[in-house]
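The data block below is input11.csv; it holds CSV, C-alpha atoms and all ligand atoms.
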chain,number,residue,atom,x,y,z
A,1,MET,CA,95.7,71.4,137.9
A,2,GLY,CA,96.0,71.0,134.1
A,3,ASP,CA,92.8,69.0,133.9
A,4,SER,CA,90.8,71.4,136.2
A,5,ILE,CA,91.7,74.4,134.0
A,6,VAL,CA,90.7,72.5,130.9
A,7,SER,CA,87.3,71.6,132.4
A,8,ARG,CA,86.8,75.2,133.6
A,9,ILE,CA,87.5,76.4,130.0
A,10,ALA,CA,85.1,73.9,128.6
A,11,GLU,CA,82.4,74.9,131.1
A,12,LEU,CA,82.9,78.6,130.4
A,13,LYS,CA,82.7,78.0,126.7
A,14,ARG,CA,79.4,76.1,127.0
A,15,ARG,CA,77.9,78.7,129.4
A,16,LYS,CA,78.9,81.7,127.3
A,17,ASN,CA,78.4,80.2,123.8
A,18,ALA,CA,82.1,80.8,123.1
A,19,VAL,CA,84.5,79.3,120.6
A,20,ILE,CA,88.3,79.0,120.7
A,21,LEU,CA,90.1,79.4,117.4
A,22,ALA,CA,93.8,78.5,117.6
A,23,HIS,CA,96.8,78.8,115.2
A,24,TYR,CA,99.2,75.9,114.6
A,25,TYR,CA,102.0,77.8,116.3
A,26,THR,CA,100.4,77.9,119.7
A,27,THR,CA,101.6,75.4,122.4
A,28,PRO,CA,100.1,71.8,122.3
A,29,ASP,CA,98.0,72.4,125.5
A,30,VAL,CA,96.4,75.5,123.9
A,31,GLN,CA,95.8,73.6,120.6
A,32,ALA,CA,94.1,70.8,122.6
A,33,VAL,CA,91.4,73.2,124.0
A,34,ALA,CA,90.7,74.7,120.6
A,35,ASP,CA,87.4,74.1,118.8
A,36,PHE,CA,89.1,74.8,115.6
A,37,LEU,CA,92.8,74.8,114.7
A,38,GLY,CA,94.0,76.2,111.4
A,39,ASP,CA,96.2,78.5,109.3
A,40,SER,CA,95.5,82.2,108.9
A,41,LEU,CA,93.1,81.7,106.0
A,42,ALA,CA,91.1,78.9,107.6
A,43,LEU,CA,90.8,80.8,110.9
A,44,SER,CA,89.5,84.0,109.1
A,45,VAL,CA,86.9,81.9,107.3
A,46,LYS,CA,85.9,80.1,110.5
A,47,ALA,CA,85.5,83.3,112.4
A,48,ARG,CA,83.1,84.5,109.7
A,49,GLU,CA,81.1,81.3,109.8
A,50,THR,CA,80.7,80.7,113.6
A,51,ASP,CA,77.5,81.4,115.3
A,52,ALA,CA,79.1,81.7,118.7
A,53,ASP,CA,78.6,84.9,120.7
A,54,ILE,CA,82.3,85.1,121.8
A,55,ILE,CA,85.4,84.2,119.9
A,56,VAL,CA,88.6,83.7,121.9
A,57,PHE,CA,91.5,84.0,119.5
A,58,ALA,CA,94.4,81.9,120.6
A,59,GLY,CA,96.9,83.5,118.3
A,60,VAL,CA,98.6,86.8,117.7
A,61,HIS,CA,97.0,90.2,117.7
A,62,PHE,CA,96.5,90.7,113.9
A,63,MET,CA,94.6,87.4,113.8
A,64,ALA,CA,92.2,88.4,116.5
A,65,GLU,CA,91.8,91.8,114.8
A,66,THR,CA,91.0,90.1,111.5
A,67,ALA,CA,88.2,88.1,113.3
A,68,LYS,CA,86.8,91.3,114.7
A,69,VAL,CA,86.9,93.0,111.3
A,70,LEU,CA,84.8,90.1,109.9
A,71,CYS,CA,82.5,89.7,113.0
A,72,PRO,CA,81.8,93.2,114.3
A,73,ASP,CA,78.8,92.0,116.3
A,74,LYS,CA,80.7,89.3,118.2
A,75,LYS,CA,82.9,89.8,121.2
A,76,VAL,CA,86.4,88.9,120.1
A,77,LEU,CA,88.8,88.3,123.0
A,78,ILE,CA,92.6,88.2,122.8
A,79,PRO,CA,94.0,86.2,125.8
A,80,ASN,CA,97.3,88.2,125.8
A,81,PRO,CA,97.1,91.6,123.9
A,82,GLU,CA,101.0,91.7,124.1
A,83,ALA,CA,101.1,88.8,121.5
A,84,GLY,CA,102.1,90.9,118.5
A,85,CYS,CA,103.9,89.9,115.3
A,86,SER,CA,107.3,91.2,114.1
A,87,LEU,CA,106.1,91.0,110.5
A,88,ALA,CA,102.9,93.1,111.1
A,89,ALA,CA,105.0,95.5,113.2
A,90,SER,CA,107.4,96.0,110.3
A,91,CYS,CA,104.7,97.9,108.4
A,92,ASP,CA,103.4,101.0,110.2
A,93,ALA,CA,100.1,102.3,108.8
A,94,ALA,CA,101.1,106.0,108.6
A,95,GLU,CA,104.4,105.1,107.0
A,96,PHE,CA,102.7,102.7,104.6
A,97,ALA,CA,100.2,105.5,103.6
A,98,ARG,CA,103.1,107.7,102.6
A,99,PHE,CA,104.7,104.8,100.6
A,100,LYS,CA,101.4,104.1,98.9
A,101,ALA,CA,101.0,107.7,97.9
A,102,LYS,CA,104.1,107.4,95.7
A,103,TYR,CA,102.4,104.7,93.6
A,104,PRO,CA,98.9,106.1,92.8
A,105,SER,CA,98.2,103.7,90.0
A,106,HIS,CA,99.1,100.5,92.0
A,107,LYS,CA,96.7,98.1,93.7
A,108,VAL,CA,97.7,97.1,97.2
A,109,VAL,CA,97.9,93.4,98.1
A,110,SER,CA,98.6,92.9,101.8
A,111,TYR,CA,99.5,89.7,103.6
A,112,VAL,CA,97.1,89.2,106.5
A,113,ASN,CA,100.0,89.7,108.9
A,114,THR,CA,99.2,93.4,109.1
A,115,SER,CA,97.4,95.8,111.4
A,116,VAL,CA,93.8,96.8,110.7
A,117,GLY,CA,95.2,100.3,109.7
A,118,VAL,CA,97.2,98.7,106.9
A,119,LYS,CA,94.3,96.5,105.8
A,120,ALA,CA,92.2,99.7,105.6
A,121,LEU,CA,94.7,100.9,102.9
A,122,THR,CA,94.6,97.6,101.0
A,123,ASP,CA,92.6,96.5,98.0
A,124,ILE,CA,92.9,92.8,98.6
A,125,CYS,CA,94.5,90.7,101.4
A,126,CYS,CA,96.1,87.4,101.0
A,127,THR,CA,97.5,84.7,103.2
A,128,SER,CA,100.4,82.3,102.4
A,129,SER,CA,97.7,79.7,101.3
A,130,ASN,CA,96.2,81.9,98.6
A,131,ALA,CA,98.8,84.6,97.8
A,132,LEU,CA,99.4,83.2,94.3
A,133,GLN,CA,95.7,83.0,93.4
A,134,VAL,CA,95.1,86.5,94.8
A,135,VAL,CA,98.0,88.0,92.7
A,136,GLU,CA,96.9,86.1,89.7
A,137,SER,CA,93.3,87.4,90.1
A,138,ILE,CA,94.6,90.9,89.3
A,139,PRO,CA,95.1,91.6,85.6
A,140,ARG,CA,98.7,91.1,84.6
A,141,GLU,CA,99.2,94.7,83.4
A,142,GLN,CA,98.0,96.2,86.7
A,143,PRO,CA,101.0,97.2,88.9
A,144,ILE,CA,100.9,96.0,92.5
A,145,ILE,CA,102.3,97.0,95.9
A,146,PHE,CA,102.9,93.9,98.0
A,147,THR,CA,103.2,94.3,101.7
A,148,PRO,CA,104.6,93.6,104.3
A,149,ASP,CA,106.6,90.4,103.7
A,150,ARG,CA,109.5,90.9,101.2
A,151,ASN,CA,110.2,87.1,101.1
A,152,LEU,CA,106.6,86.0,100.3
A,153,GLY,CA,106.4,88.9,97.8
A,154,ALA,CA,109.6,87.9,96.1
A,155,TYR,CA,108.5,84.3,96.0
A,156,ILE,CA,105.1,85.2,94.3
A,157,GLN,CA,107.0,87.5,92.0
A,158,LYS,CA,109.2,84.6,90.9
A,159,LEU,CA,106.2,82.2,90.5
A,160,THR,CA,104.2,84.7,88.4
A,161,GLY,CA,107.1,86.3,86.6
A,162,ARG,CA,105.5,89.7,87.2
A,163,ASP,CA,107.9,92.6,87.1
A,164,ASN,CA,105.3,95.2,88.1
A,165,MET,CA,105.3,94.4,91.8
A,166,VAL,CA,106.8,96.8,94.4
A,167,LEU,CA,107.7,95.1,97.6
A,168,TRP,CA,107.5,96.6,101.1
A,169,ASP,CA,110.7,95.7,103.0
A,170,GLY,CA,109.3,93.7,106.0
A,171,ALA,CA,110.0,90.3,107.4
A,172,CYS,CA,109.3,87.9,110.2
A,173,HIS,CA,112.1,87.5,112.7
A,174,VAL,CA,111.4,83.7,113.1
A,175,HIS,CA,111.4,82.7,109.4
A,176,GLU,CA,114.4,84.9,108.5
A,177,GLU,CA,116.6,83.1,111.0
A,178,PHE,CA,116.8,79.7,109.5
A,179,SER,CA,120.3,78.5,108.5
A,180,LEU,CA,120.8,77.1,105.0
A,181,GLU,CA,124.0,75.4,106.1
A,182,LYS,CA,122.3,73.6,109.0
A,183,ILE,CA,119.3,72.6,106.8
A,184,LEU,CA,121.7,71.1,104.2
A,185,GLU,CA,123.7,69.4,107.0
A,186,LEU,CA,120.4,67.8,108.2
A,187,ARG,CA,119.6,66.6,104.7
A,188,ARG,CA,123.0,65.0,104.5
A,189,SER,CA,122.3,63.0,107.6
A,190,HIS,CA,118.7,62.3,106.5
A,191,PRO,CA,119.1,61.8,102.7
A,192,GLU,CA,115.5,60.6,102.3
A,193,ALA,CA,113.9,63.5,104.1
A,194,ARG,CA,111.8,66.1,102.3
A,195,ILE,CA,112.4,69.8,103.1
A,196,VAL,CA,109.2,71.7,103.7
A,197,VAL,CA,109.4,75.5,103.9
A,198,HIS,CA,107.1,78.4,104.7
A,199,PRO,CA,107.3,81.2,102.1
A,200,GLU,CA,108.2,83.8,104.8
A,201,CYS,CA,111.7,82.3,104.6
A,202,LYS,CA,114.4,83.8,102.5
A,203,ALA,CA,114.6,82.9,98.8
A,204,TYR,CA,117.8,80.8,99.2
A,205,ILE,CA,116.0,78.6,101.8
A,206,ALA,CA,112.9,78.2,99.6
A,207,ALA,CA,115.3,77.3,96.7
A,208,VAL,CA,116.2,74.0,98.4
A,209,ALA,CA,112.7,73.1,99.4
A,210,ASP,CA,110.7,70.1,98.1
A,211,TYR,CA,107.6,72.0,99.1
A,212,VAL,CA,106.9,75.6,99.8
A,213,GLY,CA,103.6,76.6,101.4
A,214,SER,CA,101.4,77.8,104.3
A,215,THR,CA,101.2,75.9,107.5
A,216,ALA,CA,98.0,74.2,106.2
A,217,GLY,CA,99.7,73.5,102.9
A,218,ILE,CA,102.8,72.0,104.6
A,219,LEU,CA,100.6,69.7,106.8
A,220,ASP,CA,98.7,68.5,103.7
A,221,TYR,CA,101.9,67.9,101.8
A,222,CYS,CA,103.4,65.8,104.6
A,223,GLY,CA,100.3,63.6,104.5
A,224,ARG,CA,100.3,63.2,100.7
A,225,SER,CA,104.0,62.6,100.4
A,226,GLU,CA,105.3,59.0,100.4
A,227,ALA,CA,108.4,60.2,102.4
A,228,ARG,CA,108.7,59.1,106.0
A,229,GLU,CA,110.9,62.0,107.2
A,230,PHE,CA,110.6,65.8,106.8
A,231,ILE,CA,112.9,68.7,107.7
A,232,VAL,CA,110.4,71.4,108.8
A,233,VAL,CA,111.4,74.9,108.1
A,234,THR,CA,108.8,77.0,109.8
A,235,GLU,CA,107.8,77.8,113.4
A,236,ALA,CA,108.3,74.6,115.6
A,237,GLY,CA,104.8,74.7,117.1
A,238,ILE,CA,103.4,73.0,114.0
A,239,LEU,CA,105.3,69.8,114.9
A,240,ALA,CA,102.6,69.0,117.5
A,241,GLU,CA,99.9,68.8,114.8
A,242,MET,CA,102.2,67.0,112.4
A,243,GLN,CA,102.9,64.3,114.9
A,244,ARG,CA,99.3,64.0,115.9
A,245,ARG,CA,98.1,63.6,112.3
A,246,TYR,CA,101.0,61.4,111.1
A,247,PRO,CA,102.3,59.4,114.0
A,248,ASP,CA,104.3,57.1,111.8
A,249,LYS,CA,106.3,59.9,110.1
A,250,ARG,CA,109.3,61.7,111.5
A,251,PHE,CA,109.5,65.5,111.7
A,252,ILE,CA,112.8,67.2,112.2
A,253,PRO,CA,112.7,70.9,113.1
A,254,ALA,CA,115.2,73.0,111.2
A,255,PRO,CA,117.4,75.0,113.5
A,256,PRO,CA,118.0,78.7,113.4
A,257,VAL,CA,121.4,80.3,112.7
A,258,ASP,CA,122.0,80.6,116.4
A,259,SER,CA,120.5,77.6,118.1
A,260,THR,CA,121.0,79.1,121.5
A,261,CYS,CA,118.3,81.7,120.9
A,262,GLY,CA,115.4,79.4,120.3
A,263,CYS,CA,114.4,81.5,117.3
A,264,ASN,CA,112.5,78.8,115.5
A,265,GLU,CA,109.8,79.5,118.0
A,266,CYS,CA,107.5,82.5,117.8
A,267,CYS,CA,107.7,84.1,121.2
A,268,TYR,CA,104.4,85.9,120.5
A,269,MET,CA,102.4,82.7,119.8
A,270,LYS,CA,103.8,81.2,123.0
A,271,MET,CA,102.3,84.1,125.1
A,272,VAL,CA,98.9,82.5,124.8
A,273,THR,CA,98.4,80.1,127.7
A,274,LEU,CA,95.6,78.1,129.3
A,275,ASP,CA,95.6,80.5,132.2
A,276,ASN,CA,95.1,83.6,130.0
A,277,ILE,CA,92.5,81.8,127.9
A,278,CYS,CA,90.5,80.9,131.0
A,279,ALA,CA,90.8,84.5,132.4
A,280,ALA,CA,89.7,86.0,129.1
A,281,LEU,CA,86.6,83.8,129.2
A,282,GLU,CA,85.9,84.6,132.8
A,283,ASN,CA,86.3,88.3,132.4
A,284,GLU,CA,85.2,88.6,128.8
A,285,ALA,CA,88.3,90.7,128.3
A,286,PRO,CA,90.7,91.8,126.9
A,287,GLU,CA,88.5,92.6,124.0
A,288,ILE,CA,89.4,93.8,120.5
A,289,ILE,CA,87.7,97.1,119.8
A,290,LEU,CA,88.0,98.8,116.4
A,291,ASP,CA,87.2,102.2,114.9
A,292,GLU,CA,84.1,101.5,112.7
A,293,GLN,CA,85.4,103.5,109.7
A,294,VAL,CA,88.8,101.7,109.7
A,295,ARG,CA,87.0,98.3,110.3
A,296,THR,CA,84.7,98.8,107.3
A,297,ALA,CA,87.6,99.7,105.0
A,298,ALA,CA,89.6,96.7,106.3
A,299,GLU,CA,86.7,94.4,105.8
A,300,ARG,CA,86.5,95.1,102.1
A,301,SER,CA,90.1,93.9,101.6
A,302,ILE,CA,89.5,90.7,103.5
A,303,VAL,CA,86.1,89.9,101.8
A,304,ASN,CA,87.8,90.5,98.5
A,305,MET,CA,90.4,87.9,99.5
A,306,ILE,CA,87.8,85.3,100.6
A,307,LYS,CA,86.0,85.7,97.3
A,308,VAL,CA,89.1,84.6,95.3
A,309,LYS,CA,88.8,80.8,94.6
A,401,LIG,P1,99.9,80.7,107.9
A,401,LIG,O1,99.0,81.6,107.1
A,401,LIG,O2,100.7,79.8,107.0
A,401,LIG,O3,99.2,80.0,109.0
A,401,LIG,O4,101.1,81.6,108.5
A,401,LIG,C1,100.8,82.6,109.5
A,401,LIG,C2,102.1,83.1,110.1
A,401,LIG,O5,102.1,83.9,110.9
A,401,LIG,C3,103.3,82.5,109.6
A,401,LIG,O6,104.3,83.0,110.4
A,402,LIG,FE1,104.4,86.9,113.1
A,402,LIG,FE2,106.5,85.5,112.5
A,402,LIG,FE3,105.2,84.9,114.7
A,402,LIG,FE4,104.1,84.4,112.3
A,402,LIG,S1,106.0,83.5,113.2
A,402,LIG,S2,103.1,85.3,114.0
A,402,LIG,S3,104.9,86.1,111.1
A,402,LIG,S4,106.3,86.8,114.3
If you convert what's in this file into structure tokens, what do you get?
Amino acid sequence: MGDSIVSRIAELKRRKNAVILAHYYTTPDVQAVADFLGDSLALSVKARETDADIIVFAGVHFMAETAKVLCPDKKVLIPNPEAGCSLAASCDAAEFARFKAKYPSHKVVSYVNTSVGVKALTDICCTSSNALQVVESIPREQPIIFTPDRNLGAYIQKLTGRDNMVLWDGACHVHEEFSLEKILELRRSHPEARIVVHPECKAYIAAVADYVGSTAGILDYCGRSEAREFIVVTEAGILAEMQRRYPDKRFIPAPPVDSTCGCNECCYMKMVTLDNICAALENEAPEIILDEQVRTAAERSIVNMIKVK
């Protein structure tokens, strides 16, 4: 059954000139059928570069929307349109427009985990891979609104020492749930382990990290580091790629405050399955459709981000 659906997906991809882009947090079977696996930044760049006619986005809704913003002439399919993101949902576009109106002289920097409506109100987007470079590309005296992640915003504020950043009060329900106590307990039982943390985590978690960075940044660090063990403080789906790349190293997932709730997994990313990928390819639906005016405004903010080196 597993193999037959995998061959069916491969056959549909070939026949329809389709490509599957997948995020590191999807399940290992989904990652295995992807043509390209990456973090949010790499996936946006890849979407822009591909010459496929159809992009199947194995990830959450804002990621597929970002691909459509960048590739208006391609068909962008989202295997499960219910796959949202608690962080993107924490910033409603109409509410954000009212907030922005209070700070007319500020530039808006938005993390890509936002709806297309928020991106349309944004001067420049960023991801956790390039947030520091994006903020540093803006003259120091220019005040900034940073949305929607208060933790990433506070982390960048600390790195840059900028006191002219207003932060939107949003967060990711997965990354906010990690327990400092349990991470330190793990470090006591694995004293040689390095702690790697995604910047969506709270400041007191980032404070004990040996490395803070995006999913791609964490993967690179684990390869570069001489350490053999890592305590991984981000969504647990990334462990599949870590183990695949570095089979001789040991990766220990950090537990959430309440380990009975499975909160170190993003329920939205797990909504993408081989079945719904196959159905999306067969039906060429569900498709991301955007209002052209909103799309054009959003595109500017993403292109501004891609231009930052
Ligand atoms: P990355 O940009 O690090 O891949 O993160 C995306 C995300 O949704 C993290 O929760
Ligand atoms: Fe959104 Fe959090 Fe899931 Fe990332 S882990 S997609 S920020 S809900």
(message) Counting only C-alpha atoms and all ligand atoms, what are the residues, protein, DNA or RNA alike, that approach ligand LIG 401 (chain A) to within 8 Å? I want them as an MDAnalysis selection string.
(response) chainID A and resid 23:24 38:41 85 112:113 127:129 172 174:175 198 200 213:217 234:235
(message) As a quick test: using all atoms listed in the file, which residues lie no more than 9 Å away from ligand LIG 402 (chain A)? Give them as a ChimeraX atom specification.
(response) /A:25,59-63,83-89,113,149,171-176,200,234-235,264-269
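Reported to one decimal place, the separation of CA of Leu132 (chain A) from CA of Leu21 (chain A) is 25.2 Å.
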(request) Write out as a PyMOL selection string which residues come within 12 Å of Gln31 (chain A) when counting only C-alpha atoms, dropping same-chain ones fewer than 2 positions away. (result) chain A and resi 6+20-29+33-38+57-59+237-241+244+269-270+272-274+277
(request) One decimal, Å: what's the distance from CA of Asn304 (chain A) over to CA of Val212 (chain A), could you say? (result)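 Going from CA of Asn304 (chain A) over to CA of Val212 (chain A), I get 24.3 Å.
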(request) Would you please work out which residue, of A:Pro143, A:Gly153, A:Gly170, A:Pro72, is nearest to Thr114 (chain A) when using all atoms listed in the file? (result)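 Under the stated criterion, the closest residue is A:Gly170.
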